[in-house]
Amino acid sequence: MSILIRNILLQGKRTDIAIEGNRISRIAPMLTGTFDTVLDGSHQAVIPPFYNTHSHAVMTLLRGLADDMELFDWLQNHIWPAEARLQEEDFYWGSRLACMEMIRSGTVFFNDMYFLPQATIRAVEELGMRGCIGLSTLEAAGEEKQAGYERDNQEALAHRGEYSSRIQLARAPHAIYTVGEKKLRWVRDAAAAEGVMIHIHLAETRQEVQDCLAAHNCTPTAYLEKIGLLGPRTVTAHTIHCTDEDIRILADTGTVVSHNPCSNFKLCSGSFRFHRMMESHVHVTLGTDGCASNNNLSMFDEMKAAALNAKLEFSGPTGCSTGQVFLAATKNGAEAFGIDAGVIAEGKLADLLLLDLDSPMMVADHNLISNCVYAADSSVVSTVVCDGRILMRDRVIPGMQETLDNARRCARRLAAR
Ligand SMILES: [Zn+2]
């Protein structure tokens with residue numbers, strides 16, 4: 001499989017890009033040769049795609065089911081009852097719906113935490129995306145349920161040899177308040193033995209910090225460090241309520257932080273310390289969280305919210321730069337998962353987006369990255385390439401209607417009482 005992208009804008013200059021197999025083979029003007037597919041880039045620009053480092057894909061089916069409520073009311077009376085009605089097919093159609101939405105908004109990878117990993121893996125494989133799929137641990141759900149989750153996790157691990165190179169797995173203990181210390185130590189050892197990453201919610205609410213201080217006499221971040229759960233193979237979601245010492249720990253251990261600004265705003269969880277994290281060289285990436293608390297999977301929205309939040313938190317417009325925010329959404333995410341992409345260069349994996357420069361949001365054209373962070377929405381993404389395959393061409397993804405019909409049917413059944 002080979003692709004030639006003709007006359008495309010790359011970092012301010014017009015060029016051709018050749019893709020052979022799953023890598024970018026050449027970048028130069030006026031390339032010649034025979035290619036399976038030729039794309040005309042004359043009204044378009046090319047940028048790296050987005051790498052979403054915290055999601056719960058199946059929760060697309062719960063989008064808009066309940067909003068604007070206190071956490072306990074929201075969970076107890078709306079989210080948990082709907083989740084209790086989830087059937088096997090919901091995990092598959094919910095995941096496919098999430099993949100479609102992510103591709104349409106320029107995302108090629110997501111780091112997911114939910115249940116029945118096999119269903120999400122199937123959707124990711126079929127749509128040609130990349131994914132790191134979580135093997136959940138949630139002790140708070142009760143012994144019987146946890147045993148079921150672990151059976152599903154073992155099933156996903158048993159089939160590892162059959163997955164494409166686009167699929168990774170992670171041990172995903174939900175949080176320190178739903179998984180006990182003994183189990184967290186077990187997760188740490190299991191992840192090391194299985195050679196998979198770790199994905200956990202951390203320091204999302206003030207309550208979590210207060211309870212941790214009371215129970216363990218240290219902050220949630222210090223607690224995880226003590227257990228040996230932090231490091232470059234661990235992704236902590238939210239990570240809002242951090243002291244200066246917590247931020248030093250995250251930097252020193254090389255822990256990957258997933259910043260989820262839209263969800264943080266909607267649940268009023270608190271303000272992420274973007275400027276301090278950057279200053280301290282923490283590995284900050286961006287993620288959307290799930291659709292029950294966001295309510296979309298657009299990394300364009302996350303970039304803008306991250307930038308605005310950083311300025312508010314810093315009390316000044318120099319609290320972040322567009323470049324920092326764009327890197328968090330692209331290169332930093334790819335690097336965290338060892339994906340040799342996130343920049344458009346010869347020899348890199350062929351993950352890229354073609355953006356429509358004829359969208360009103362992309363004019364004037366003084367600064368493409370500024371337009372992406374502050375001006376654009378997902379509609380500017382016209383074509384998506386992942387691992388050398390075209391996942392969406394001129395905004396068309398094959399099989400979209402079937403997914404929409406089935407996801408709508410599943411979502412309606414979940415809401416029925
Ligand atoms: Zn989450």
# chains A, B, ... in the order shown; residues from 1 in each chain; ligands from 1
>>> closest_atom_pairs(of="chain A", to="ligand 1", cutoff="12 Å", atoms="only C-alpha atoms and all ligand atoms", output="CSV")
residue,atom,partner,partner_atom_place_in_ligand_line,distance
A:Asn52,CA,ligand 1,1 (Zn),11.9
A:Thr53,CA,ligand 1,1 (Zn),10.2
A:His54,CA,ligand 1,1 (Zn),6.4
A:Ser55,CA,ligand 1,1 (Zn),6.1
A:His56,CA,ligand 1,1 (Zn),6.5
A:Ala57,CA,ligand 1,1 (Zn),10.2
A:Val58,CA,ligand 1,1 (Zn),11.9
A:Met59,CA,ligand 1,1 (Zn),10.2
A:Asn111,CA,ligand 1,1 (Zn),10.5
A:Asp112,CA,ligand 1,1 (Zn),8.8
A:Met113,CA,ligand 1,1 (Zn),7.4
A:Tyr114,CA,ligand 1,1 (Zn),9.2
A:Gly134,CA,ligand 1,1 (Zn),11.7
A:Ala172,CA,ligand 1,1 (Zn),10.8
A:Pro173,CA,ligand 1,1 (Zn),11.3
A:His174,CA,ligand 1,1 (Zn),8.4
A:Ala175,CA,ligand 1,1 (Zn),9.5
A:His199,CA,ligand 1,1 (Zn),9.9
A:Ile200,CA,ligand 1,1 (Zn),8.4
A:His201,CA,ligand 1,1 (Zn),6.3
A:Leu202,CA,ligand 1,1 (Zn),9.5
A:Ala203,CA,ligand 1,1 (Zn),11.6
A:Glu204,CA,ligand 1,1 (Zn),9.2
A:Val235,CA,ligand 1,1 (Zn),11.6
A:Thr236,CA,ligand 1,1 (Zn),9.8
A:Ala237,CA,ligand 1,1 (Zn),6.7
A:His238,CA,ligand 1,1 (Zn),7.7
A:Thr239,CA,ligand 1,1 (Zn),10.9
A:Ser258,CA,ligand 1,1 (Zn),9.9
A:His259,CA,ligand 1,1 (Zn),10.5
A:Asn260,CA,ligand 1,1 (Zn),8.5
A:Pro261,CA,ligand 1,1 (Zn),11.5
A:Cys262,CA,ligand 1,1 (Zn),11.5
A:Ser263,CA,ligand 1,1 (Zn),8.5
A:Asn264,CA,ligand 1,1 (Zn),10.0
A:Leu267,CA,ligand 1,1 (Zn),11.4
A:Ser269,CA,ligand 1,1 (Zn),11.9
A:Gly287,CA,ligand 1,1 (Zn),9.1
A:Thr288,CA,ligand 1,1 (Zn),8.3
A:Asp289,CA,ligand 1,1 (Zn),4.7
A:Gly290,CA,ligand 1,1 (Zn),6.0
A:Cys291,CA,ligand 1,1 (Zn),9.6
A:Ala292,CA,ligand 1,1 (Zn),9.7
A:Ser293,CA,ligand 1,1 (Zn),8.5
A:Asn294,CA,ligand 1,1 (Zn),10.0
>>> write_last_selection(atoms="N, CA and C atoms", output="CSV table (one decimal), in the first residue's frame")
chain,number,residue,atom,x,y,z
A,52,ASN,N,-5.3,10.7,22.2
A,52,ASN,CA,-6.1,11.0,23.4
A,52,ASN,C,-5.8,10.0,24.5
A,53,THR,N,-5.2,10.6,25.6
A,53,THR,CA,-4.6,9.7,26.6
A,53,THR,C,-5.5,9.3,27.8
A,54,HIS,N,-6.8,9.7,27.7
A,54,HIS,CA,-7.7,9.2,28.8
A,54,HIS,C,-9.1,9.2,28.3
A,55,SER,N,-9.7,8.0,28.1
A,55,SER,CA,-11.1,7.9,27.6
A,55,SER,C,-11.8,6.7,28.2
A,56,HIS,N,-13.1,6.7,28.1
A,56,HIS,CA,-14.0,5.6,28.4
A,56,HIS,C,-14.9,5.4,27.2
A,57,ALA,N,-14.5,4.8,26.2
A,57,ALA,CA,-15.1,4.8,24.9
A,57,ALA,C,-16.6,4.5,24.9
A,58,VAL,N,-16.9,3.4,25.7
A,58,VAL,CA,-18.3,2.9,25.7
A,58,VAL,C,-19.3,4.0,26.2
A,59,MET,N,-18.8,4.9,27.0
A,59,MET,CA,-19.7,5.9,27.6
A,59,MET,C,-20.3,6.9,26.6
A,111,ASN,N,-6.3,6.0,24.8
A,111,ASN,CA,-5.9,5.2,26.0
A,111,ASN,C,-7.2,5.0,26.8
A,112,ASP,N,-7.8,3.8,26.8
A,112,ASP,CA,-9.1,3.6,27.3
A,112,ASP,C,-9.2,2.8,28.6
A,113,MET,N,-10.2,3.2,29.4
A,113,MET,CA,-10.4,2.4,30.6
A,113,MET,C,-11.9,2.1,30.7
A,114,TYR,N,-12.3,0.9,30.5
A,114,TYR,CA,-13.7,0.5,30.7
A,114,TYR,C,-13.7,-1.1,30.9
A,134,GLY,N,-7.6,-0.7,28.4
A,134,GLY,CA,-7.4,-1.0,29.8
A,134,GLY,C,-8.0,-2.3,30.3
A,172,ALA,N,-5.5,-1.2,34.4
A,172,ALA,CA,-6.2,0.0,34.7
A,172,ALA,C,-6.9,-0.1,36.0
A,173,PRO,N,-6.2,0.1,37.2
A,173,PRO,CA,-6.9,0.2,38.5
A,173,PRO,C,-7.6,1.5,38.5
A,174,HIS,N,-8.9,1.6,38.8
A,174,HIS,CA,-9.7,2.7,38.6
A,174,HIS,C,-9.2,4.0,39.3
A,175,ALA,N,-8.9,3.8,40.6
A,175,ALA,CA,-8.5,5.0,41.5
A,175,ALA,C,-8.1,4.5,42.8
A,199,HIS,N,-2.7,2.6,34.0
A,199,HIS,CA,-3.6,3.8,33.7
A,199,HIS,C,-4.6,3.9,34.9
A,200,ILE,N,-4.5,5.0,35.6
A,200,ILE,CA,-5.3,5.2,36.8
A,200,ILE,C,-5.7,6.7,36.9
A,201,HIS,N,-6.9,6.9,37.5
A,201,HIS,CA,-7.4,8.3,37.9
A,201,HIS,C,-6.6,8.7,39.1
A,202,LEU,N,-6.2,10.0,39.1
A,202,LEU,CA,-5.4,10.4,40.3
A,202,LEU,C,-5.7,11.9,40.7
A,203,ALA,N,-5.9,12.1,42.0
A,203,ALA,CA,-6.1,13.4,42.5
A,203,ALA,C,-7.1,14.2,41.7
A,204,GLU,N,-8.3,13.6,41.5
A,204,GLU,CA,-9.3,14.3,40.7
A,204,GLU,C,-10.1,15.2,41.5
A,235,VAL,N,0.2,6.2,33.3
A,235,VAL,CA,-0.6,7.4,33.0
A,235,VAL,C,-1.5,7.7,34.1
A,236,THR,N,-1.4,8.9,34.6
A,236,THR,CA,-2.4,9.3,35.6
A,236,THR,C,-3.4,10.4,35.0
A,237,ALA,N,-4.7,10.1,35.1
A,237,ALA,CA,-5.7,10.9,34.5
A,237,ALA,C,-6.0,12.0,35.5
A,238,HIS,N,-6.5,13.2,35.0
A,238,HIS,CA,-6.9,14.4,35.8
A,238,HIS,C,-5.7,15.0,36.5
A,239,THR,N,-5.3,14.4,37.7
A,239,THR,CA,-4.1,14.8,38.4
A,239,THR,C,-4.1,16.3,38.7
A,258,SER,N,-2.3,12.8,32.1
A,258,SER,CA,-3.3,13.1,31.1
A,258,SER,C,-4.2,14.2,31.7
A,259,HIS,N,-4.1,15.3,31.0
A,259,HIS,CA,-4.9,16.5,31.5
A,259,HIS,C,-6.2,16.5,30.7
A,260,ASN,N,-7.3,16.6,31.5
A,260,ASN,CA,-8.7,16.4,30.9
A,260,ASN,C,-9.5,17.7,31.2
A,261,PRO,N,-9.2,18.8,30.6
A,261,PRO,CA,-9.8,20.1,31.1
A,261,PRO,C,-11.4,20.2,30.9
A,262,CYS,N,-11.9,19.6,29.8
A,262,CYS,CA,-13.4,19.8,29.7
A,262,CYS,C,-14.2,19.1,30.8
A,263,SER,N,-13.7,17.8,31.1
A,263,SER,CA,-14.4,17.1,32.1
A,263,SER,C,-14.1,17.7,33.5
A,264,ASN,N,-12.9,18.3,33.7
A,264,ASN,CA,-12.7,19.0,35.0
A,264,ASN,C,-13.6,20.2,35.2
A,267,LEU,N,-17.4,18.9,35.8
A,267,LEU,CA,-17.7,18.3,37.1
A,267,LEU,C,-17.2,19.2,38.2
A,269,SER,N,-14.2,19.9,39.1
A,269,SER,CA,-13.2,19.1,39.9
A,269,SER,C,-12.1,20.0,40.4
A,287,GLY,N,-6.3,14.4,27.2
A,287,GLY,CA,-7.3,13.4,27.0
A,287,GLY,C,-8.7,14.0,27.2
A,288,THR,N,-9.7,13.2,26.7
A,288,THR,CA,-11.1,13.8,26.8
A,288,THR,C,-11.9,13.3,28.0
A,289,ASP,N,-11.5,12.2,28.6
A,289,ASP,CA,-12.3,11.5,29.6
A,289,ASP,C,-13.6,10.9,28.8
A,290,GLY,N,-14.5,10.4,29.5
A,290,GLY,CA,-15.7,9.8,28.9
A,290,GLY,C,-16.8,10.7,28.5
A,291,CYS,N,-17.7,10.3,27.7
A,291,CYS,CA,-18.8,11.1,27.2
A,291,CYS,C,-19.9,11.4,28.2
A,292,ALA,N,-19.9,10.8,29.3
A,292,ALA,CA,-20.9,11.2,30.3
A,292,ALA,C,-20.5,12.4,31.0
A,293,SER,N,-19.2,12.8,31.0
A,293,SER,CA,-18.7,13.9,31.7
A,293,SER,C,-17.9,14.9,30.8
A,294,ASN,N,-18.3,15.0,29.5
A,294,ASN,CA,-17.5,15.9,28.7
A,294,ASN,C,-18.3,16.8,27.8
>>> select_by_dssp(residues="segment 158-354 of chain A", states="helix (DSSP H, G or I)", output="PyMOL selection string")
chain A and resi 158+160-162+181-194+206-216+220-227+244-253+261-266+274-279+299-314+322-329+331-336
>>> residues_around(residues="Arg171 of chain A", least_positions_apart="5", cutoff="10 Å", atoms="only C-alpha atoms", output="list in words")
Met113, Cys132, Ile133, Gly134, Leu135, Ser136, Thr137, Asn153, Val187, Arg188, Ala190, Ala191, Ala192, Glu194, Gly195, Val196, Met197, Ile198, His199, Ile200 and Thr234 of chain A
>>> atom_distance(atom1="atom CA of Ile339 of chain A", atom2="atom CA of Arg23 of chain A")
11.9 Å
>>> closest_residue(among="A:Lys145, A:Lys311, A:Arg408, A:His159", to="Ser271 of chain A", atoms="only C-alpha atoms")
A:Lys311
>>> select_by_dssp(residues="segment 113-232 of chain A", states="strand (DSSP E or B)", output="list of chain:residue names")
A:Arg130, A:Gly131, A:Cys132, A:Ile133, A:Gly134, A:Leu135, A:Ser136, A:Thr137, A:Ile167, A:Gln168, A:Leu169, A:Ala170, A:Arg171, A:Ala172, A:Pro173, A:Met197, A:Ile198, A:His199, A:Ile200, A:His201, A:Leu202
>>> residues_around(residues="Arg122 of chain A", least_positions_apart="5", cutoff="10 Å", atoms="only C-alpha atoms", output="PDB file with N, CA, C and O atoms, in the first residue's frame")
ATOM      1  N   TYR A  92     -19.374  -3.148  22.156  1.00  0.00           N
ATOM      2  CA  TYR A  92     -18.852  -3.099  20.791  1.00  0.00           C
ATOM      3  C   TYR A  92     -19.370  -1.863  20.042  1.00  0.00           C
ATOM      4  O   TYR A  92     -18.592  -1.080  19.495  1.00  0.00           O
ATOM      5  N   SER A  95     -18.058   1.387  21.529  1.00  0.00           N
ATOM      6  CA  SER A  95     -16.655   1.599  21.153  1.00  0.00           C
ATOM      7  C   SER A  95     -16.541   2.044  19.704  1.00  0.00           C
ATOM      8  O   SER A  95     -15.763   2.942  19.372  1.00  0.00           O
ATOM      9  N   ARG A  96     -17.337   1.417  18.832  1.00  0.00           N
ATOM     10  CA  ARG A  96     -17.284   1.811  17.409  1.00  0.00           C
ATOM     11  C   ARG A  96     -17.735   3.264  17.235  1.00  0.00           C
ATOM     12  O   ARG A  96     -17.153   4.016  16.461  1.00  0.00           O
ATOM     13  N   PRO A 117     -12.683  -5.578  27.556  1.00  0.00           N
ATOM     14  CA  PRO A 117     -11.677  -5.022  26.638  1.00  0.00           C
ATOM     15  C   PRO A 117     -11.730  -5.619  25.236  1.00  0.00           C
ATOM     16  O   PRO A 117     -11.444  -4.912  24.260  1.00  0.00           O
ATOM     17  N   LEU A 127     -11.557  -0.457  12.672  1.00  0.00           N
ATOM     18  CA  LEU A 127     -11.540   0.898  12.116  1.00  0.00           C
ATOM     19  C   LEU A 127     -10.140   1.403  11.821  1.00  0.00           C
ATOM     20  O   LEU A 127      -9.966   2.511  11.325  1.00  0.00           O
ATOM     21  N   TYR A 163      -3.239  -9.684  18.051  1.00  0.00           N
ATOM     22  CA  TYR A 163      -3.542  -8.272  17.776  1.00  0.00           C
ATOM     23  C   TYR A 163      -2.520  -7.662  16.837  1.00  0.00           C
ATOM     24  O   TYR A 163      -1.364  -8.077  16.800  1.00  0.00           O
ATOM     25  N   ILE A 167      -2.381  -2.196  18.638  1.00  0.00           N
ATOM     26  CA  ILE A 167      -3.055  -2.421  19.929  1.00  0.00           C
ATOM     27  C   ILE A 167      -2.044  -2.617  21.050  1.00  0.00           C
ATOM     28  O   ILE A 167      -1.103  -3.394  20.931  1.00  0.00           O
TER      29      ILE A 167
END
